[in-house]
>>> print(open('coords26.txt').read())   # compact mmCIF, C-alpha atoms
# COMPACT_ATOMS: atom_id res chain seq x y z
CA MET T 26 -58.37 -21.71 40.48
CA VAL T 27 -55.02 -22.30 38.67
CA LEU T 28 -55.04 -23.76 35.17
CA LEU T 29 -52.05 -26.08 34.75
CA SER T 30 -52.23 -26.40 30.94
CA ALA T 31 -53.21 -23.75 28.41
CA PRO T 32 -56.64 -24.02 26.76
CA ARG T 33 -56.85 -24.93 23.06
CA TRP T 34 -58.08 -21.50 21.86
CA LEU T 35 -54.78 -19.87 23.00
CA ARG T 36 -52.31 -20.14 20.08
CA SER T 37 -48.88 -18.67 19.60
CA ARG T 38 -48.87 -17.40 16.04
CA LEU T 39 -45.97 -15.87 14.12
CA THR T 40 -46.77 -12.16 13.76
CA ASP T 41 -43.51 -10.70 12.37
CA ARG T 42 -42.97 -12.98 9.39
CA PHE T 43 -42.91 -9.92 7.11
CA TRP T 44 -39.93 -8.35 8.88
CA ARG T 45 -38.00 -11.62 9.07
CA VAL T 46 -38.39 -12.01 5.32
CA GLN T 47 -37.45 -8.38 4.65
CA GLU T 48 -34.23 -8.84 6.61
CA VAL T 49 -33.06 -11.25 3.94
CA LEU T 50 -34.67 -9.56 0.92
CA LYS T 51 -33.08 -6.17 1.71
CA TYR T 52 -29.68 -7.64 0.81
CA ALA T 53 -31.07 -9.06 -2.45
CA ARG T 54 -32.77 -5.97 -3.86
CA HIS T 55 -30.02 -5.28 -6.42
CA PHE T 56 -29.91 -8.86 -7.75
CA ARG T 57 -31.13 -9.88 -11.17
CA GLY T 58 -34.24 -11.93 -11.84
CA ARG T 59 -36.64 -13.51 -9.34
CA LYS T 60 -33.95 -13.75 -6.70
CA ASN T 61 -34.63 -10.12 -5.78
CA ARG T 62 -38.33 -10.74 -5.06
CA CYS T 63 -38.94 -14.34 -4.01
CA TYR T 64 -37.76 -15.29 -0.55
CA LYS T 65 -37.03 -18.93 -1.32
CA LEU T 66 -34.69 -18.06 -4.19
CA ALA T 67 -33.21 -15.10 -2.35
CA VAL T 68 -32.06 -17.03 0.73
CA GLY T 69 -29.54 -19.11 -1.19
CA SER T 70 -28.32 -16.19 -3.30
CA VAL T 71 -27.82 -13.93 -0.30
CA ARG T 72 -25.94 -16.62 1.56
CA ARG T 73 -23.60 -17.19 -1.40
CA ALA T 74 -23.12 -13.44 -1.78
CA PHE T 75 -22.03 -13.11 1.86
CA VAL T 76 -19.62 -16.03 1.60
CA ARG T 77 -18.15 -14.65 -1.61
CA SER T 78 -17.68 -11.21 -0.12
CA THR T 79 -15.87 -12.70 2.89
CA LYS T 80 -13.46 -14.57 0.63
CA ALA T 81 -13.05 -11.60 -1.69
CA ARG T 82 -11.92 -9.41 1.19
CA ARG T 83 -8.86 -11.67 1.55
CA GLU T 84 -8.19 -11.85 -2.18
CA LYS T 85 -8.51 -8.09 -2.64
CA LYS T 86 -5.19 -7.58 -0.88
CA ARG T 87 -3.41 -9.99 -3.24
CA PHE T 88 -5.09 -8.50 -6.28
CA LEU T 89 -4.21 -4.91 -5.38
CA ARG T 90 -0.58 -5.83 -4.72
CA ALA T 91 -0.33 -7.48 -8.15
CA LEU T 92 -1.87 -4.36 -9.70
CA TRP T 93 0.66 -2.09 -8.00
CA ILE T 94 3.51 -4.30 -9.11
CA THR T 95 2.30 -4.21 -12.73
CA ARG T 96 2.07 -0.43 -12.62
CA ILE T 97 5.52 -0.02 -11.08
CA GLU T 98 6.95 -2.39 -13.67
CA ALA T 99 5.45 -0.39 -16.53
CA ALA T 100 6.70 2.90 -15.10
CA SER T 101 10.21 1.63 -14.41
CA LEU T 102 10.48 0.15 -17.94
CA GLU T 103 9.80 3.65 -19.26
CA HIS T 104 12.95 4.69 -17.43
CA GLY T 105 14.96 1.70 -18.64
CA LEU T 106 14.88 -0.45 -15.50
CA LYS T 107 13.19 -3.76 -14.85
CA TYR T 108 10.96 -4.23 -11.80
CA PRO T 109 13.22 -6.62 -9.79
CA ALA T 110 16.24 -4.38 -10.38
CA PHE T 111 14.25 -1.29 -9.36
CA ILE T 112 12.77 -2.72 -6.16
CA SER T 113 15.89 -4.55 -4.97
CA ASN T 114 18.11 -1.53 -5.49
CA LEU T 115 15.65 0.78 -3.75
CA LEU T 116 15.62 -1.54 -0.74
CA LYS T 117 19.40 -1.74 -0.73
CA SER T 118 19.53 2.07 -0.64
CA GLN T 119 17.38 1.95 2.52
CA VAL T 120 14.34 3.58 0.91
CA GLU T 121 11.36 1.84 2.47
CA LEU T 122 8.42 2.94 0.38
CA ASN T 123 5.76 0.32 -0.17
CA ARG T 124 4.36 -0.65 -3.56
CA LYS T 125 1.11 1.23 -3.11
CA VAL T 126 2.91 4.54 -2.59
CA ILE T 127 5.43 3.95 -5.38
CA ALA T 128 2.57 3.17 -7.78
CA ASP T 129 0.81 6.40 -6.72
CA LEU T 130 4.01 8.38 -7.24
CA ALA T 131 4.47 6.82 -10.68
CA ILE T 132 0.98 8.01 -11.64
CA TYR T 133 0.80 11.44 -10.01
CA GLU T 134 4.43 12.51 -9.47
CA PRO T 135 6.43 11.46 -12.54
CA LYS T 136 9.47 13.59 -11.66
CA THR T 137 9.78 11.98 -8.25
CA PHE T 138 9.50 8.52 -9.80
CA LYS T 139 12.23 9.42 -12.28
CA SER T 140 14.53 10.42 -9.42
CA LEU T 141 13.78 7.14 -7.62
CA ALA T 142 14.60 5.22 -10.83
CA ALA T 143 17.88 7.13 -11.17
CA LEU T 144 18.72 6.32 -7.54
CA ALA T 145 18.06 2.62 -8.15
CA GLN T 146 20.14 2.65 -11.34
CA ARG T 147 23.09 4.29 -9.60
CA ARG T 148 22.93 1.81 -6.71
CA ARG T 149 22.81 -1.02 -9.26
CA GLN T 150 25.98 0.16 -10.96
CA GLU T 151 27.75 0.57 -7.64
CA GLY T 152 26.71 -2.99 -6.81
CA PHE T 153 28.18 -4.28 -10.07
CA LEU T 154 31.46 -2.51 -9.44
CA ALA T 155 31.64 -3.85 -5.90
CA ALA T 156 30.99 -7.37 -7.15
CA LEU T 157 33.59 -7.19 -9.95
CA GLY T 158 36.33 -6.07 -7.59
CA ASP T 159 39.77 -5.01 -8.88
CA GLY T 160 39.79 -7.07 -12.05
CA LYS T 161 42.98 -8.86 -11.00
CA GLU T 162 43.40 -12.59 -10.61
CA PRO T 163 43.48 -14.00 -7.08
CA GLU T 164 46.93 -14.88 -5.63
CA GLY T 165 48.21 -18.42 -5.48
CA ILE T 166 47.30 -19.32 -9.05
CA PHE T 167 50.46 -19.52 -11.16
CA SER T 168 49.14 -20.78 -14.46
CA ARG T 169 45.94 -21.68 -16.15
CA MET T 170 47.16 -24.68 -18.14
CA VAL T 171 49.27 -27.35 -16.44
CA ARG T 172 50.84 -29.66 -18.94
CA HIS T 173 51.76 -33.19 -17.86
CA TYR T 174 54.42 -34.81 -19.92
CA VAL C 269 46.45 -8.61 -29.90
CA ALA C 270 43.37 -9.23 -32.03
CA LYS C 271 40.01 -8.71 -30.37
CA THR C 272 37.96 -11.88 -29.96
CA SER C 273 34.58 -12.47 -28.41
CA LEU C 274 36.27 -13.20 -25.07
CA THR C 275 38.63 -10.20 -24.79
CA SER C 276 36.09 -8.09 -22.93
CA PRO C 277 33.39 -9.36 -20.58
CA PRO C 278 29.89 -9.76 -22.09
CA TRP C 279 28.34 -7.22 -19.69
CA PRO C 280 28.57 -3.48 -20.50
CA GLU C 281 31.41 -1.68 -18.78
CA VAL C 282 30.21 0.52 -15.93
CA LYS C 283 32.08 3.73 -15.09
CA LEU C 284 31.14 5.86 -12.11
CA PRO C 285 31.87 9.61 -12.22
CA ASP C 286 34.90 11.01 -10.38
CA PRO C 287 34.18 11.03 -6.59
CA VAL C 288 35.78 14.43 -5.96
CA GLU C 289 33.85 16.15 -8.71
CA GLU C 290 30.72 14.32 -7.67
CA ALA C 291 31.08 15.54 -4.09
CA LYS C 292 31.40 19.12 -5.35
CA TYR C 293 28.31 18.70 -7.54
CA HIS C 294 26.32 17.20 -4.65
CA ALA C 295 27.28 20.08 -2.33
CA GLU C 296 26.20 22.58 -4.99
CA VAL C 297 22.83 20.88 -5.47
CA VAL C 298 22.23 20.67 -1.72
CA GLN C 299 23.03 24.35 -1.33
CA LYS C 300 20.67 25.30 -4.17
CA VAL C 301 17.83 23.24 -2.68
CA ASN C 302 18.47 24.79 0.75
CA GLN C 303 18.22 28.22 -0.83
CA LEU C 304 14.94 27.32 -2.57
CA ILE C 305 13.47 26.08 0.71
CA ALA C 306 14.70 29.11 2.65
CA GLU C 307 13.21 31.54 0.13
CA GLY C 308 9.99 29.56 -0.15
CA HIS C 309 10.10 28.98 -3.93
CA TYR C 310 7.87 25.92 -3.82
CA GLY C 311 4.16 25.42 -4.45
CA ARG C 312 2.16 22.59 -2.91
CA LEU C 313 4.16 20.05 -0.92
CA PHE C 314 3.30 16.37 -0.77
CA ALA C 315 4.67 13.89 1.75
CA VAL C 316 4.68 10.13 2.25
CA VAL C 317 3.91 9.43 5.89
CA HIS C 318 4.01 6.11 7.77
CA PHE C 319 1.02 6.13 10.14
CA ALA C 320 -1.15 3.39 11.66
CA SER C 321 1.14 0.77 10.06
CA LYS C 322 0.27 2.07 6.58
CA GLN C 323 1.98 4.49 4.22
CA TRP C 324 -0.06 7.40 2.93
CA LYS C 325 0.73 9.89 0.17
CA VAL C 326 -0.52 13.10 1.71
CA THR C 327 -0.91 16.81 0.81
CA SER C 328 -2.29 19.66 2.86
CA GLU C 329 -6.09 19.86 3.31
CA ASP C 330 -6.78 16.24 2.50
CA LEU C 331 -8.66 13.62 4.50
CA ILE C 332 -7.35 10.30 5.75
CA MET C 333 -9.47 7.51 7.19
CA MET C 334 -8.00 4.69 9.22
CA ASP C 335 -9.67 1.51 10.38
CA ASN C 336 -8.72 1.82 14.03
CA ALA C 337 -9.28 4.07 17.03
CA LEU C 338 -6.75 6.70 18.10
CA GLU C 339 -6.36 7.79 21.70
CA ALA C 340 -6.76 11.46 20.74
CA GLU C 341 -10.08 13.28 21.11
CA CYS C 342 -11.89 15.04 18.25
CA GLY C 343 -10.22 18.36 17.51
CA ASP C 344 -6.76 17.37 18.79
CA ARG C 345 -3.77 18.38 16.68
CA ILE C 346 -1.38 15.57 15.87
CA ARG C 347 2.16 15.78 14.52
CA MET C 348 3.13 12.84 12.30
CA GLU C 349 6.76 11.96 12.84
CA LYS C 350 7.64 9.15 10.42
CA VAL C 351 7.95 11.01 7.12
CA LEU C 352 9.50 8.92 4.33
CA LEU C 353 9.48 11.40 1.44
CA VAL C 354 8.71 15.07 0.89
CA GLY C 355 8.37 16.58 -2.55
CA ALA C 356 7.51 19.75 -4.36
CA ASP C 357 7.54 20.62 -8.04
CA ASP C 358 11.30 21.15 -8.42
CA PHE C 359 12.87 18.97 -5.72
CA THR C 360 12.18 15.86 -3.62
CA LEU C 361 13.72 14.90 -0.31
CA ILE C 362 13.94 11.12 0.00
CA GLY C 363 14.49 9.74 3.48
CA ARG C 364 16.62 6.65 4.15
CA PRO C 365 14.33 5.41 5.57
CA ILE C 366 12.81 8.44 7.35
CA LEU C 367 13.58 12.16 7.25
CA GLY C 368 14.69 14.06 10.30
CA LYS C 369 12.18 15.72 12.62
CA ASP C 370 13.99 19.05 12.28
CA LEU C 371 13.48 18.96 8.50
CA VAL C 372 9.74 18.26 8.02
CA ARG C 373 6.62 18.95 10.06
CA VAL C 374 3.28 17.32 9.16
CA GLU C 375 0.30 18.46 11.23
CA ALA C 376 -3.12 16.82 11.29
CA THR C 377 -6.37 17.21 13.25
CA VAL C 378 -8.73 14.46 14.35
CA ILE C 379 -12.11 15.24 12.78
CA GLU C 380 -14.34 12.25 13.27
CA LYS C 381 -14.37 9.03 15.26
CA THR C 382 -17.10 6.68 14.03
CA GLU C 383 -17.75 3.03 13.40
CA SER C 384 -17.58 1.37 10.01
CA TRP C 385 -20.62 0.01 8.19
CA PRO C 386 -21.53 -3.47 9.48
CA LYS C 387 -19.42 -5.94 7.49
CA ILE C 388 -20.79 -9.47 7.28
CA ASN C 389 -18.51 -12.48 7.71
CA MET C 390 -20.23 -15.67 6.64
CA ARG C 391 -18.98 -19.24 6.38
CA PHE C 392 -21.06 -21.92 4.73
CA TRP C 393 -20.33 -25.55 3.84
CA ARG C 394 -22.91 -27.06 1.55
CA ARG C 395 -24.59 -30.33 2.48
CA HIS C 396 -23.04 -30.21 5.96
CA ASN C 397 -25.61 -28.05 7.73
CA TYR C 398 -22.88 -25.58 8.73
CA GLN C 399 -23.28 -21.85 8.51
CA ARG C 400 -21.96 -19.06 10.73
CA LYS C 401 -22.80 -15.39 10.31
CA LYS C 402 -20.87 -12.67 12.14
CA ILE C 403 -21.34 -8.91 11.86
CA ILE C 404 -18.12 -6.95 12.32
CA VAL C 405 -18.15 -3.25 13.16
CA THR C 406 -14.69 -1.65 13.42
CA PRO C 407 -13.96 1.83 14.79
CA GLN C 408 -12.75 4.39 12.26
CA THR C 409 -10.95 7.72 12.62
CA VAL C 410 -10.88 10.56 10.09
CA LEU C 411 -7.94 12.96 10.10
CA ARG C 412 -7.47 16.12 8.11
CA ILE C 413 -3.88 17.03 7.22
CA ASN C 414 -3.57 20.72 8.04
CA SER C 415 -0.11 21.56 6.73
CA ILE C 416 3.25 20.23 5.65
CA GLU C 417 6.25 22.47 6.41
CA ILE C 418 9.91 22.06 5.54
CA PHE C 419 12.88 23.87 7.11
CA PRO C 420 16.20 24.63 5.40
CA CYS C 421 18.48 22.41 7.46
CA LEU C 422 20.04 20.29 4.72
CA SER C 423 23.78 19.58 4.81
>>> encode(input="coords26.txt", output="structure tokens")
Amino acid sequence: MVLLSAPRWLRSRLTDRFWRVQEVLKYARHFRGRKNRCYKLAVGSVRRAFVRSTKARREKKRFLRALWITRIEAASLEHGLKYPAFISNLLKSQVELNRKVIADLAIYEPKTFKSLAALAQRRRQEGFLAALGDGKEPEGIFSRMVRHY
Amino acid sequence: VAKTSLTSPPWPEVKLPDPVEEAKYHAEVVQKVNQLIAEGHYGRLFAVVHFASKQWKVTSEDLIMMDNALEAECGDRIRMEKVLLVGADDFTLIGRPILGKDLVRVEATVIEKTESWPKINMRFWRRHNYQRKKIIVTPQTVLRINSIEIFPCLS
């Protein structure tokens, strides 16, 4: 005989509640206060922690780039150059090192950084000379002051 | 004529050294560096290599980990071709932008190909009943730089 509906003494009970709770609490074990023990408080904290870590992964790139730029600026000021002058002249001399590597060189290889600063300075002076030109006035101008009488 | 504030321009005058003498000096320096390289009077070499769309400052016997999968098997030797800078204690060779392949040789071996730890991407808008959780596992490769060699072919 086939029973079409289940009898009342057959219940489906949750048996792995412990492991479901541990899945969340394992990410909260290093938190401070009751959030590391009580599930209800931990759920919200763990969720916020995940969201913050996702956003921080994008901001980390910006933060590190700003840090490298600060370090390169400090190192180039020791050699008498400002950061925009240093970077622009390095790029104009076709040296394509990125800021991370230049910051590492400034920390661990001071002689190499000094040679890069000298290269940038020389390129800067050549740029000034090229912009100034011969120092003569352009043709076609016969006088500065035209007097009308 | 008396000197006023406008006789000379306000920027400092820039004088470059004599080109002929400079060329002689450059040739001398290049020849000295060539001699140093040929005789091997350098200690540990470091190089800046462009690999996997990133630049790495690399010496011999150090490990590099990249967040992607290479097509090489574990134990394969790899030669890195885009070298931007090579330096030793007394001299540096700066490439514009890269150095020639007949000048530097950077060899590496693939040691490990694993996956990263599971990173969790979560988005949550409060009061809107919206949350998405995604676990991202990226492949990683570990290389060991075996050696950096330079050859005396400067000109």
>>> residues_around(input="coords26.txt", residues="C:Cys421", least_positions_apart="6", cutoff="8 Å", atoms="all atoms listed in the file", output="mmCIF file with C-alpha atoms, keeping the file's coordinate frame")
data_model
loop_
_atom_site.group_PDB
_atom_site.id
_atom_site.type_symbol
_atom_site.label_atom_id
_atom_site.label_comp_id
_atom_site.auth_asym_id
_atom_site.auth_seq_id
_atom_site.Cartn_x
_atom_site.Cartn_y
_atom_site.Cartn_z
ATOM 1 C CA ASN C 302 18.470 24.790 0.750
ATOM 2 C CA ASP C 370 13.990 19.050 12.280
ATOM 3 C CA LEU C 371 13.480 18.960 8.500
#
>>> residues_around(input="coords26.txt", residues="T:Ile94", least_positions_apart="2", cutoff="9 Å", atoms="all atoms listed in the file", output="PDB file with C-alpha atoms, in the frame of the given file")
ATOM      1  CA  LEU T  89      -4.210  -4.910  -5.380  1.00  0.00           C
ATOM      2  CA  ARG T  90      -0.580  -5.830  -4.720  1.00  0.00           C
ATOM      3  CA  ALA T  91      -0.330  -7.480  -8.150  1.00  0.00           C
ATOM      4  CA  LEU T  92      -1.870  -4.360  -9.700  1.00  0.00           C
ATOM      5  CA  ARG T  96       2.070  -0.430 -12.620  1.00  0.00           C
ATOM      6  CA  ILE T  97       5.520  -0.020 -11.080  1.00  0.00           C
ATOM      7  CA  GLU T  98       6.950  -2.390 -13.670  1.00  0.00           C
ATOM      8  CA  ALA T  99       5.450  -0.390 -16.530  1.00  0.00           C
ATOM      9  CA  TYR T 108      10.960  -4.230 -11.800  1.00  0.00           C
ATOM     10  CA  ARG T 124       4.360  -0.650  -3.560  1.00  0.00           C
ATOM     11  CA  LYS T 125       1.110   1.230  -3.110  1.00  0.00           C
ATOM     12  CA  ALA T 128       2.570   3.170  -7.780  1.00  0.00           C
TER      13      ALA T 128
END
>>> closest_atom_pairs(input="coords26.txt", of="chain T", to="chain C", cutoff="6 Å", atoms="only C-alpha atoms", output="JSON lines")
{"residue": "T:Phe75", "atom": "CA", "partner": "C:Met390", "partner_atom": "CA", "distance": 5.7}
{"residue": "T:Val76", "atom": "CA", "partner": "C:Met390", "partner_atom": "CA", "distance": 5.1}
{"residue": "T:Thr79", "atom": "CA", "partner": "C:Asn389", "partner_atom": "CA", "distance": 5.5}
{"residue": "T:Gln119", "atom": "CA", "partner": "C:Arg364", "partner_atom": "CA", "distance": 5.0}
{"residue": "T:Val120", "atom": "CA", "partner": "C:Pro365", "partner_atom": "CA", "distance": 5.0}
{"residue": "T:Glu121", "atom": "CA", "partner": "C:Pro365", "partner_atom": "CA", "distance": 5.6}
>>> closest_residue(input="coords26.txt", among="C:Gln303, C:Ser321, C:Thr327, C:Thr382", to="C:Val405", atoms="all atoms listed in the file")
C:Thr382
>>> atom_distance(input="coords26.txt", atom1="atom CA of T:Phe56", atom2="atom CA of C:His396")
26.3 Å
>>> closest_residue(input="coords26.txt", among="T:Arg172, T:Arg57, T:Arg147, T:Arg87", to="C:Pro285", atoms="all atoms listed in the file")
T:Arg147
>>> atom_distance(input="coords26.txt", atom1="atom CA of C:Glu339", atom2="atom CA of C:Thr409")
10.2 Å
>>> closest_residue(input="coords26.txt", among="T:Trp44, T:Gln146, T:Gly69, T:Leu35", to="C:Arg394", atoms="all atoms listed in the file")
T:Gly69
>>> closest_residue(input="coords26.txt", among="C:Ser423, C:Asn414, C:Thr275, C:Gln299", to="C:Arg345", atoms="all atoms listed in the file")
C:Asn414
>>> closest_residue(input="coords26.txt", among="T:Ala100, T:Ile112, T:Leu39, T:Ala31", to="T:Lys139", atoms="only C-alpha atoms")
T:Ala100
>>> atom_distance(input="coords26.txt", atom1="atom CA of T:Phe88", atom2="atom CA of T:Ile127")
16.3 Å
>>> closest_residue(input="coords26.txt", among="T:Lys51, T:Arg149, T:Arg59, T:Lys65", to="T:Asn114", atoms="all atoms listed in the file")
T:Arg149
>>> axis_aligned_box(input="coords26.txt", around="stretch 291-305 of chain C", padding_each_side="4 Å", output="lines of an AutoDock Vina configuration file")
center_x = 22.4
center_y = 21.9
center_z = -3.4
size_x = 25.9
size_y = 20.7
size_z = 16.3
>>> decode(input="coords26.txt", residues="stretch 387-402 of chain C", atoms="N, CA, C and O atoms", output="mmCIF file, in the first residue's frame")
data_model
loop_
_atom_site.group_PDB
_atom_site.id
_atom_site.type_symbol
_atom_site.label_atom_id
_atom_site.label_comp_id
_atom_site.auth_asym_id
_atom_site.auth_seq_id
_atom_site.Cartn_x
_atom_site.Cartn_y
_atom_site.Cartn_z
ATOM 1 N N LYS C 387 39.879 34.464 -2.219
ATOM 2 C CA LYS C 387 39.554 35.854 -1.885
ATOM 3 C C LYS C 387 38.059 36.036 -1.997
ATOM 4 O O LYS C 387 37.434 35.538 -2.929
ATOM 5 N N ILE C 388 37.481 36.789 -1.057
ATOM 6 C CA ILE C 388 36.028 36.946 -1.020
ATOM 7 C C ILE C 388 35.639 38.328 -1.533
ATOM 8 O O ILE C 388 36.119 39.329 -1.025
ATOM 9 N N ASN C 389 34.770 38.335 -2.543
ATOM 10 C CA ASN C 389 34.229 39.573 -3.098
ATOM 11 C C ASN C 389 32.799 39.683 -2.602
ATOM 12 O O ASN C 389 31.988 38.817 -2.911
ATOM 13 N N MET C 390 32.493 40.730 -1.835
ATOM 14 C CA MET C 390 31.115 40.815 -1.352
ATOM 15 C C MET C 390 30.555 42.180 -1.624
ATOM 16 O O MET C 390 31.255 43.180 -1.447
ATOM 17 N N ARG C 391 29.311 42.259 -2.064
ATOM 18 C CA ARG C 391 28.635 43.533 -2.253
ATOM 19 C C ARG C 391 27.380 43.512 -1.399
ATOM 20 O O ARG C 391 26.675 42.502 -1.357
ATOM 21 N N PHE C 392 27.113 44.627 -0.740
ATOM 22 C CA PHE C 392 25.989 44.656 0.205
ATOM 23 C C PHE C 392 25.409 46.044 0.203
ATOM 24 O O PHE C 392 26.147 47.016 0.381
ATOM 25 N N TRP C 393 24.104 46.177 -0.050
ATOM 26 C CA TRP C 393 23.440 47.478 0.108
ATOM 27 C C TRP C 393 22.501 47.363 1.279
ATOM 28 O O TRP C 393 21.635 46.494 1.303
ATOM 29 N N ARG C 394 22.624 48.259 2.240
ATOM 30 C CA ARG C 394 21.796 48.107 3.433
ATOM 31 C C ARG C 394 20.362 48.535 3.127
ATOM 32 O O ARG C 394 20.120 49.416 2.319
ATOM 33 N N ARG C 395 19.454 47.895 3.796
ATOM 34 C CA ARG C 395 18.015 48.175 3.711
ATOM 35 C C ARG C 395 17.440 47.867 2.328
ATOM 36 O O ARG C 395 16.331 48.260 2.029
ATOM 37 N N HIS C 396 18.223 47.208 1.434
ATOM 38 C CA HIS C 396 17.674 46.895 0.129
ATOM 39 C C HIS C 396 17.656 45.401 -0.136
ATOM 40 O O HIS C 396 17.372 44.972 -1.251
ATOM 41 N N ASN C 397 17.982 44.629 0.882
ATOM 42 C CA ASN C 397 17.948 43.168 0.757
ATOM 43 C C ASN C 397 18.802 42.698 -0.409
ATOM 44 O O ASN C 397 18.390 41.859 -1.211
ATOM 45 N N TYR C 398 20.011 43.299 -0.550
ATOM 46 C CA TYR C 398 20.870 42.943 -1.677
ATOM 47 C C TYR C 398 22.236 42.554 -1.137
ATOM 48 O O TYR C 398 22.935 43.362 -0.545
ATOM 49 N N GLN C 399 22.595 41.303 -1.281
ATOM 50 C CA GLN C 399 23.985 40.946 -1.007
ATOM 51 C C GLN C 399 24.422 39.839 -1.944
ATOM 52 O O GLN C 399 23.667 38.918 -2.228
ATOM 53 N N ARG C 400 25.666 39.968 -2.451
ATOM 54 C CA ARG C 400 26.241 38.966 -3.336
ATOM 55 C C ARG C 400 27.599 38.596 -2.789
ATOM 56 O O ARG C 400 28.392 39.474 -2.475
ATOM 57 N N LYS C 401 27.874 37.305 -2.709
ATOM 58 C CA LYS C 401 29.184 36.863 -2.217
ATOM 59 C C LYS C 401 29.809 35.978 -3.281
ATOM 60 O O LYS C 401 29.165 35.045 -3.779
ATOM 61 N N LYS C 402 31.054 36.293 -3.645
ATOM 62 C CA LYS C 402 31.740 35.518 -4.686
ATOM 63 C C LYS C 402 33.128 35.170 -4.189
ATOM 64 O O LYS C 402 33.823 36.022 -3.663
#
